[in-house]
Amino acid sequence: MSTEAAGVAAEERWASLCNCVVNFLLEEKYHLTALELLQELQEDGRHAQALRLRSFFSDPAFFPPDLVARASSAPPGADPQSLLEEKIAAEEKLALAEYDLRLAKEDLSCLKLELQMQQQSSPDDTNGPLPDASTNEGFNQHDKRDVKISVLGPVKDNERKDLNCAVKEYLLLAGYRLAAMTFIEEVPDQDLDVWTNSSACVPDALRRYYYQYLSSTTEAAEEKISILRENEALTKDSERLCAEKDSLMKSRELANNQVASLRKSLEAAHVDIKEKEKMVQDLKQTLDAHRKELNDCRAEITALKMHIEGTQSSKQMSVGDTDGLTSQINEHENFKGTESVTTTLVPAESLTKDTQKDHKNIESTIEVSPGSEAPVSCSTAWRGGYGISGEDKSGTHTSLEDISVNGTAHGAGNSQGNSGSMSVYVLEDKVHTEKLESPSTQKSSDKMALETIKIVSDALPKIVPYVLINHREELLPLIICAIERHPDSDVRDSLTHTLFNLIKRPDGQQRRIIMDACLELAKSVGEMRTETELLPQCWEQINHQYEERRLLVAQSCGELAVYVRPEIRDSLILSIVQQLVEDSATVVREAATHNLALLLPLFPNMDKYYKVEELLFQLACDPSGVVVDVALRELVPAVVRWGGKLDQILIVLLSHILVSAQRCPPISGVEGTIDSHLRVLGEHERWNIEVLLRMLTELLPFIHQKALETCPSLDPYMPENYLSESRLKLYATGDTEWSAFEWMHTECLPDLIKLACLLPAKEDSLRTVITKYLLAVSGRYGKDYLEHIMLPVFLVAAGDIDSGDFTYFPLSIQSKVRGLRPKTSVAEKIAIICVLPLLLSGILGSPSSRQQLEEYLRKLLIQNTKDGSFSMHHSAEIIDAIRFLCIFEEHHGVIFNILWEMVVSSDTNLKTSAAALLKALVPYVGVRVASTHVLPALITLGSDQNSAVKYASIDALGAVAQHLKNDMVVDKIHIQMDAFLEDGSHEATISVIRALAVAVPHSTDRLREYLLTKIFKLTSVPPNGNDIEWRRERANVFCEALRALDATDLPATSVRDLLLPSIQNLLKDLDAPDPAHKEALEVIARERSGGTLESIGKAMGAHLGIATSVSSFFGESGLLGKKEGGEQHDSAAPAPPQPSLQSQQENTRFGRIMRVGFGDMLRGKAKGNDEPS
């Protein structure tokens, strides 16, 4: 029964869904799809579900019988005119039907209103039973839902798309494929095959919609509709608010710009006000000085009046003269009483030509001579100016001309001798005479000083060229005094020019003396005259041909900035420094850098910060190391302290570092390889990166200090410069923001890792600079920061994420750190090549992590190699990383301890890796370490039974012979090589000869002699066996060694007794050597033997089929066929002419080097020539 009930329920659900689809198709007027669905339902035998469709299509109102019959009976090629007429008739009928439908709806609405009125008029009947209450209730509920749904408005495009897709899905699931195809064709404006991913896109969508509809209530539907409408309204409001926000932001920017312009205008107004106030103060001081001088003049005039009144009673004075003098003095008093700045007394007519030349001199002589009275003389000298800038034209000029009063008895002679004197006989009045004489004497001395200044100023330009250069600085006090006190600006400019050009090419001490003089002058003359007189001279000297003069400007402009106005410092003086920074002379740029650092604290504002920052990076990347040192030592701290924009500098600095490496071309253009990620650095880029890394190191104290200043306080007793584990735990919680602290491990260290991943393995110098920076960071931040922060970052970047501990990282930072992990096999190799050396030397190489370094190296070299998990696949890269670690001598002990563990191990792979590692470490150890560690380890490996271990030790011994030339070391190598050769195996012989041949260009003469002897002995023994490959390999190795030996300076006896016989022995086996080697050996034999083996060469050339042009190139007349007279062994042969001996030797030697064809041998040859043979 349960199965039957379940089947009945499923059938009912299917019927309900089918009815929903039928209603949707008819409402949306998808008639073709509905017709197709009707046919498929009838074919399936579902006549109950097809009942509504059948009634719809059989309704004559929608499908008239005559039209259906006509359409069914109409032939395929029916008349278009008849079809058009039928269409018009159908449209008319449709219009009539729509009109009838509208009338019916109106009648229905009227009936509903009447029904409502009746219900309202009879409320008693509403409580009574109604025969069809349930029916009405269902109808009302359905109508209510229809009303609510109609309130939703027209169906939207996305809603229609979802409904169409759901109906298509239902038709396909129900098996009505033809109906589904027809439905897709009936909806041409929507792609029903692609259903956009939304909340409505669910499996079996129509069924879910149906269940949701049945389970929902009217209130829920209304609430959801209101929520949708509210969401739409909120979306519109959000868009409107965003638009308003944008407009407000634009308005804010405009307002900020206006505020900035108004602020600048206000600052300019403040500056103008200050200047005006200063000018007012100067004018007040000038006015006070003028008033004081005016009072002095009035007092003097009063004294003169008293003397004149005393003489009026004298009988010796003529009345007319006295009246004239009194009128003149009264006129003088009237002029003095005015408020004007300039007061002048009209000169008397009796002035002589001599007194007219000096109109500032006033001389009054009063003689008293009755009986026993003594004559008294009083002179007054007037200065041309009253201290107004020392200039005649702008100053106040007061001149009192000579006044002469002559007596009749005693003044006749004086009147005739000096018409500019006045003689007055008075009684003894010494008090008045002294009062008159004191100001006159002072003004006479001032006049005399001014005359002296003029005379010295005129004479100095003529005197300076005739003074010895070493003694010209003795003239500086005169020059400074003349510049300070001379009233004429043109003369002062000329003297200032003389000051700067006092010595043609001044040395350091002389420049210091001249600068001190300029500073004293600037102190005396004030800001305005320093700006108008001294700074123009500096500007003129910027492009002088002598660098000493430009250096003088560079050294003085920064010190002169103290004595000028603030607005001049960041304009004119900064422009001067900017010009000098571009100078071609290194000393000038160095001085400009130093003075720029002195100048920055004097700037009034930060307007020129970005210009200064640009100069900072320009000077930091200067090609001269001296300029770079000054920039890093002085300018970088000065810019940080002045600007206070450490974050900005660090952003630009890291960007410059990465860009300098990224703009270099890759090693290889093949995508997906390691070399496509590594860059070929040019000299300029390498220098820039190194300097910028040094700059980052110089900024480290400021970075550390800022991190400490922003540190959340945890323990007041903790040292300020110590980042303890407790503080790191507090940081790990993520509750506090500490951006200055986390910059180091979220920005700086990842960028340095990116830079390291761009550097090839040979860039040890840059990798060393990065290592030193990492060690400096760990030294400042402490052991806890190194262990808990830096170490996990580099472990992840090196690909060893399992060893990293992220306990002390906040969750928000852990994702960034984990993102440093290499994600591809190529990235893993790059990480081992580039990041692992930094991990070993810069992180684990810290003094506080020596134990961790040893454990990690043991894990890397021994444990992982035994497991075969890591080191077996990257052994070469790991060996290169440890090679870089060996650059730092303090790690040698740790490395050799682990190496001995590998040497004495029973694992063959470990022993082979130990030999390869020893070979890589040889260039970085000295003779003592090589004798005590390297050679014993290699000898132990050489005695191993495994041939791979033995041959690996042979290559390492060759590296020792190549880099170490100590006699004791060479003797040990000889002994060990003899032991290998006594073995007699072909592989051991090949390995020994090849290893020593590589060392030949860099080794000693003893080792060359040893190798040549061994080759002679080995070639003297005819090869055993008929294996041509074995013979050819053996012959080729011997040929390569002989060619390498031929490129060195061999003694004549060695050439005669060993080299040539070895060549002859090799040429006996014509099939074994390579043809190229044969040709080279033929040439060597012909040159070294002096032509006695020419027949052998011809025979060999004929055998090989070599063209005669090649033989002529290597022949007697060719470049490489010259004979070396010093190495001829035929005593009977005549010696060549002496003048051509040197050229022949040079050409022969050049030919030998060219035949070798190895660049490293060429470099070794140059090194070997410097050593004594």
# chains A, B, ... in the order shown; residues from 1 in each chain; ligands from 1
$ residues_around --residues "Leu600 of chain A" --least-positions-apart "6" --cutoff "8 Å" --atoms "only C-alpha atoms" --output "VMD selection string"
chain A and resid 638 to 639 642
$ residues_around --residues "Leu635 of chain A" --least-positions-apart "6" --cutoff "7 Å" --atoms "only C-alpha atoms" --output "ChimeraX atom specification"
/A:593-594,597
$ residues_around --residues "Leu820 of chain A" --least-positions-apart "4" --cutoff "12 Å" --atoms "only C-alpha atoms" --output "PyMOL selection string"
chain A and resi 745-747+749-754+757+792-801+813-816+824+827-828+831+835
$ atom_distance --atom1 "atom CA of Arg511 of chain A" --atom2 "atom CA of Leu552 of chain A"
6.0 Å
$ closest_residue --among "A:Met306, A:Leu728, A:Ala243, A:Ala554" --to "Pro810 of chain A" --atoms "only C-alpha atoms"
A:Leu728
$ select_by_dssp --residues "segment 835-869 of chain A" --states "alpha helix (DSSP H)" --output "PDB file with N, CA, C and O atoms, in the first residue's frame"
ATOM      1  N   LEU A 836      69.120  29.598  -0.966  1.00  0.00           N
ATOM      2  CA  LEU A 836      69.804  28.752   0.013  1.00  0.00           C
ATOM      3  C   LEU A 836      71.144  29.341   0.464  1.00  0.00           C
ATOM      4  O   LEU A 836      71.465  29.269   1.656  1.00  0.00           O
ATOM      5  N   PRO A 837      71.970  29.929  -0.430  1.00  0.00           N
ATOM      6  CA  PRO A 837      73.204  30.562   0.068  1.00  0.00           C
ATOM      7  C   PRO A 837      72.940  31.661   1.091  1.00  0.00           C
ATOM      8  O   PRO A 837      73.686  31.802   2.068  1.00  0.00           O
ATOM      9  N   LEU A 838      71.874  32.436   0.891  1.00  0.00           N
ATOM     10  CA  LEU A 838      71.550  33.488   1.856  1.00  0.00           C
ATOM     11  C   LEU A 838      71.053  32.896   3.167  1.00  0.00           C
ATOM     12  O   LEU A 838      71.342  33.435   4.248  1.00  0.00           O
ATOM     13  N   ARG A 850      75.283  29.351  15.216  1.00  0.00           N
ATOM     14  CA  ARG A 850      76.288  28.408  14.713  1.00  0.00           C
ATOM     15  C   ARG A 850      75.834  26.962  14.902  1.00  0.00           C
ATOM     16  O   ARG A 850      76.051  26.112  14.032  1.00  0.00           O
ATOM     17  N   GLN A 851      75.237  26.653  16.034  1.00  0.00           N
ATOM     18  CA  GLN A 851      74.782  25.282  16.280  1.00  0.00           C
ATOM     19  C   GLN A 851      73.688  24.894  15.290  1.00  0.00           C
ATOM     20  O   GLN A 851      73.682  23.775  14.757  1.00  0.00           O
ATOM     21  N   GLN A 852      72.764  25.809  15.019  1.00  0.00           N
ATOM     22  CA  GLN A 852      71.713  25.535  14.040  1.00  0.00           C
ATOM     23  C   GLN A 852      72.290  25.360  12.647  1.00  0.00           C
ATOM     24  O   GLN A 852      71.811  24.538  11.857  1.00  0.00           O
ATOM     25  N   LEU A 853      73.333  26.131  12.318  1.00  0.00           N
ATOM     26  CA  LEU A 853      73.973  25.985  11.010  1.00  0.00           C
ATOM     27  C   LEU A 853      74.561  24.589  10.851  1.00  0.00           C
ATOM     28  O   LEU A 853      74.394  23.940   9.810  1.00  0.00           O
ATOM     29  N   GLU A 854      75.255  24.106  11.869  1.00  0.00           N
ATOM     30  CA  GLU A 854      75.851  22.773  11.775  1.00  0.00           C
ATOM     31  C   GLU A 854      74.774  21.705  11.641  1.00  0.00           C
ATOM     32  O   GLU A 854      74.897  20.772  10.838  1.00  0.00           O
ATOM     33  N   GLU A 855      73.690  21.837  12.403  1.00  0.00           N
ATOM     34  CA  GLU A 855      72.618  20.852  12.311  1.00  0.00           C
ATOM     35  C   GLU A 855      71.951  20.878  10.938  1.00  0.00           C
ATOM     36  O   GLU A 855      71.643  19.821  10.368  1.00  0.00           O
ATOM     37  N   TYR A 856      71.741  22.082  10.410  1.00  0.00           N
ATOM     38  CA  TYR A 856      71.084  22.171   9.103  1.00  0.00           C
ATOM     39  C   TYR A 856      71.987  21.639   8.002  1.00  0.00           C
ATOM     40  O   TYR A 856      71.521  20.952   7.079  1.00  0.00           O
ATOM     41  N   LEU A 857      73.294  21.913   8.071  1.00  0.00           N
ATOM     42  CA  LEU A 857      74.219  21.371   7.069  1.00  0.00           C
ATOM     43  C   LEU A 857      74.287  19.853   7.156  1.00  0.00           C
ATOM     44  O   LEU A 857      74.351  19.158   6.126  1.00  0.00           O
ATOM     45  N   ARG A 858      74.282  19.326   8.362  1.00  0.00           N
ATOM     46  CA  ARG A 858      74.302  17.868   8.508  1.00  0.00           C
ATOM     47  C   ARG A 858      73.021  17.262   7.931  1.00  0.00           C
ATOM     48  O   ARG A 858      73.055  16.220   7.262  1.00  0.00           O
ATOM     49  N   ASN A 864      69.596  13.932   4.407  1.00  0.00           N
ATOM     50  CA  ASN A 864      68.778  13.944   3.199  1.00  0.00           C
ATOM     51  C   ASN A 864      69.410  13.135   2.081  1.00  0.00           C
ATOM     52  O   ASN A 864      68.713  12.572   1.239  1.00  0.00           O
ATOM     53  N   THR A 865      70.743  13.109   2.043  1.00  0.00           N
ATOM     54  CA  THR A 865      71.402  12.320   1.004  1.00  0.00           C
ATOM     55  C   THR A 865      71.164  10.835   1.236  1.00  0.00           C
ATOM     56  O   THR A 865      70.937  10.068   0.299  1.00  0.00           O
ATOM     57  N   LYS A 866      71.205  10.423   2.483  1.00  0.00           N
ATOM     58  CA  LYS A 866      70.922   9.019   2.778  1.00  0.00           C
ATOM     59  C   LYS A 866      69.466   8.676   2.461  1.00  0.00           C
ATOM     60  O   LYS A 866      69.165   7.601   1.939  1.00  0.00           O
ATOM     61  N   ASP A 867      68.569   9.591   2.794  1.00  0.00           N
ATOM     62  CA  ASP A 867      67.150   9.334   2.521  1.00  0.00           C
ATOM     63  C   ASP A 867      66.838   9.392   1.034  1.00  0.00           C
ATOM     64  O   ASP A 867      65.861   8.799   0.593  1.00  0.00           O
TER      65      ASP A 867
END
$ residues_around --residues "Leu755 of chain A" --least-positions-apart "4" --cutoff "9 Å" --atoms "only C-alpha atoms" --output "PyMOL selection string"
chain A and resi 657-658+661-662+750-751+759
$ write_last_selection --atoms "all heavy atoms" --output "PDB file, in the first residue's frame"
ATOM      1  N   ILE A 657      66.157  49.011  -6.574  1.00  0.00           N
ATOM      2  CA  ILE A 657      66.969  47.796  -6.518  1.00  0.00           C
ATOM      3  C   ILE A 657      66.402  46.736  -7.458  1.00  0.00           C
ATOM      4  O   ILE A 657      67.131  46.122  -8.257  1.00  0.00           O
ATOM      5  CB  ILE A 657      67.035  47.277  -5.073  1.00  0.00           C
ATOM      6  CG1 ILE A 657      67.868  48.232  -4.197  1.00  0.00           C
ATOM      7  CG2 ILE A 657      67.655  45.887  -5.031  1.00  0.00           C
ATOM      8  CD1 ILE A 657      67.872  47.858  -2.732  1.00  0.00           C
ATOM      9  N   LEU A 658      65.090  46.513  -7.377  1.00  0.00           N
ATOM     10  CA  LEU A 658      64.484  45.477  -8.220  1.00  0.00           C
ATOM     11  C   LEU A 658      64.497  45.861  -9.691  1.00  0.00           C
ATOM     12  O   LEU A 658      64.771  45.032 -10.560  1.00  0.00           O
ATOM     13  CB  LEU A 658      63.051  45.207  -7.757  1.00  0.00           C
ATOM     14  CG  LEU A 658      62.912  44.470  -6.418  1.00  0.00           C
ATOM     15  CD1 LEU A 658      61.454  44.314  -6.048  1.00  0.00           C
ATOM     16  CD2 LEU A 658      63.560  43.103  -6.494  1.00  0.00           C
ATOM     17  N   ALA A 661      67.802  45.295 -11.531  1.00  0.00           N
ATOM     18  CA  ALA A 661      68.063  43.907 -11.930  1.00  0.00           C
ATOM     19  C   ALA A 661      67.089  43.429 -13.002  1.00  0.00           C
ATOM     20  O   ALA A 661      67.480  42.703 -13.926  1.00  0.00           O
ATOM     21  CB  ALA A 661      67.986  42.994 -10.711  1.00  0.00           C
ATOM     22  N   GLN A 662      65.836  43.835 -12.916  1.00  0.00           N
ATOM     23  CA  GLN A 662      64.831  43.327 -13.845  1.00  0.00           C
ATOM     24  C   GLN A 662      65.006  43.862 -15.256  1.00  0.00           C
ATOM     25  O   GLN A 662      64.602  43.198 -16.219  1.00  0.00           O
ATOM     26  CB  GLN A 662      63.433  43.671 -13.334  1.00  0.00           C
ATOM     27  CG  GLN A 662      63.035  42.892 -12.092  1.00  0.00           C
ATOM     28  CD  GLN A 662      61.757  43.417 -11.460  1.00  0.00           C
ATOM     29  OE1 GLN A 662      61.238  44.478 -11.849  1.00  0.00           O
ATOM     30  NE2 GLN A 662      61.240  42.697 -10.468  1.00  0.00           N
ATOM     31  N   PRO A 750      61.142  39.905   1.517  1.00  0.00           N
ATOM     32  CA  PRO A 750      60.653  39.332   0.248  1.00  0.00           C
ATOM     33  C   PRO A 750      61.247  39.998  -0.985  1.00  0.00           C
ATOM     34  O   PRO A 750      61.539  39.323  -1.978  1.00  0.00           O
ATOM     35  CB  PRO A 750      59.133  39.555   0.336  1.00  0.00           C
ATOM     36  CG  PRO A 750      58.837  39.561   1.791  1.00  0.00           C
ATOM     37  CD  PRO A 750      60.020  40.234   2.424  1.00  0.00           C
ATOM     38  N   ASP A 751      61.444  41.312  -0.941  1.00  0.00           N
ATOM     39  CA  ASP A 751      62.061  41.978  -2.097  1.00  0.00           C
ATOM     40  C   ASP A 751      63.511  41.560  -2.262  1.00  0.00           C
ATOM     41  O   ASP A 751      64.004  41.412  -3.394  1.00  0.00           O
ATOM     42  CB  ASP A 751      61.956  43.499  -1.932  1.00  0.00           C
ATOM     43  CG  ASP A 751      60.557  44.014  -2.218  1.00  0.00           C
ATOM     44  OD1 ASP A 751      59.761  43.232  -2.751  1.00  0.00           O
ATOM     45  OD2 ASP A 751      60.264  45.178  -1.895  1.00  0.00           O
ATOM     46  N   LEU A 759      69.740  36.810  -9.558  1.00  0.00           N
ATOM     47  CA  LEU A 759      71.200  36.862  -9.655  1.00  0.00           C
ATOM     48  C   LEU A 759      71.754  35.494 -10.023  1.00  0.00           C
ATOM     49  O   LEU A 759      71.420  34.491  -9.378  1.00  0.00           O
ATOM     50  CB  LEU A 759      71.805  37.319  -8.317  1.00  0.00           C
ATOM     51  CG  LEU A 759      71.351  38.691  -7.801  1.00  0.00           C
ATOM     52  CD1 LEU A 759      72.016  38.977  -6.467  1.00  0.00           C
ATOM     53  CD2 LEU A 759      71.674  39.777  -8.796  1.00  0.00           C
TER      54      LEU A 759
END
$ closest_residue --among "A:Lys608, A:His974, A:Arg512, A:Lys762" --to "Arg679 of chain A" --atoms "only C-alpha atoms"
A:Lys762
$ closest_residue --among "A:Asp157, A:Asp784, A:Asp1074, A:Glu185" --to "Ser726 of chain A" --atoms "only C-alpha atoms"
A:Asp784
$ atom_distance --atom1 "atom CA of Asp490 of chain A" --atom2 "atom CA of Ile453 of chain A"
14.3 Å
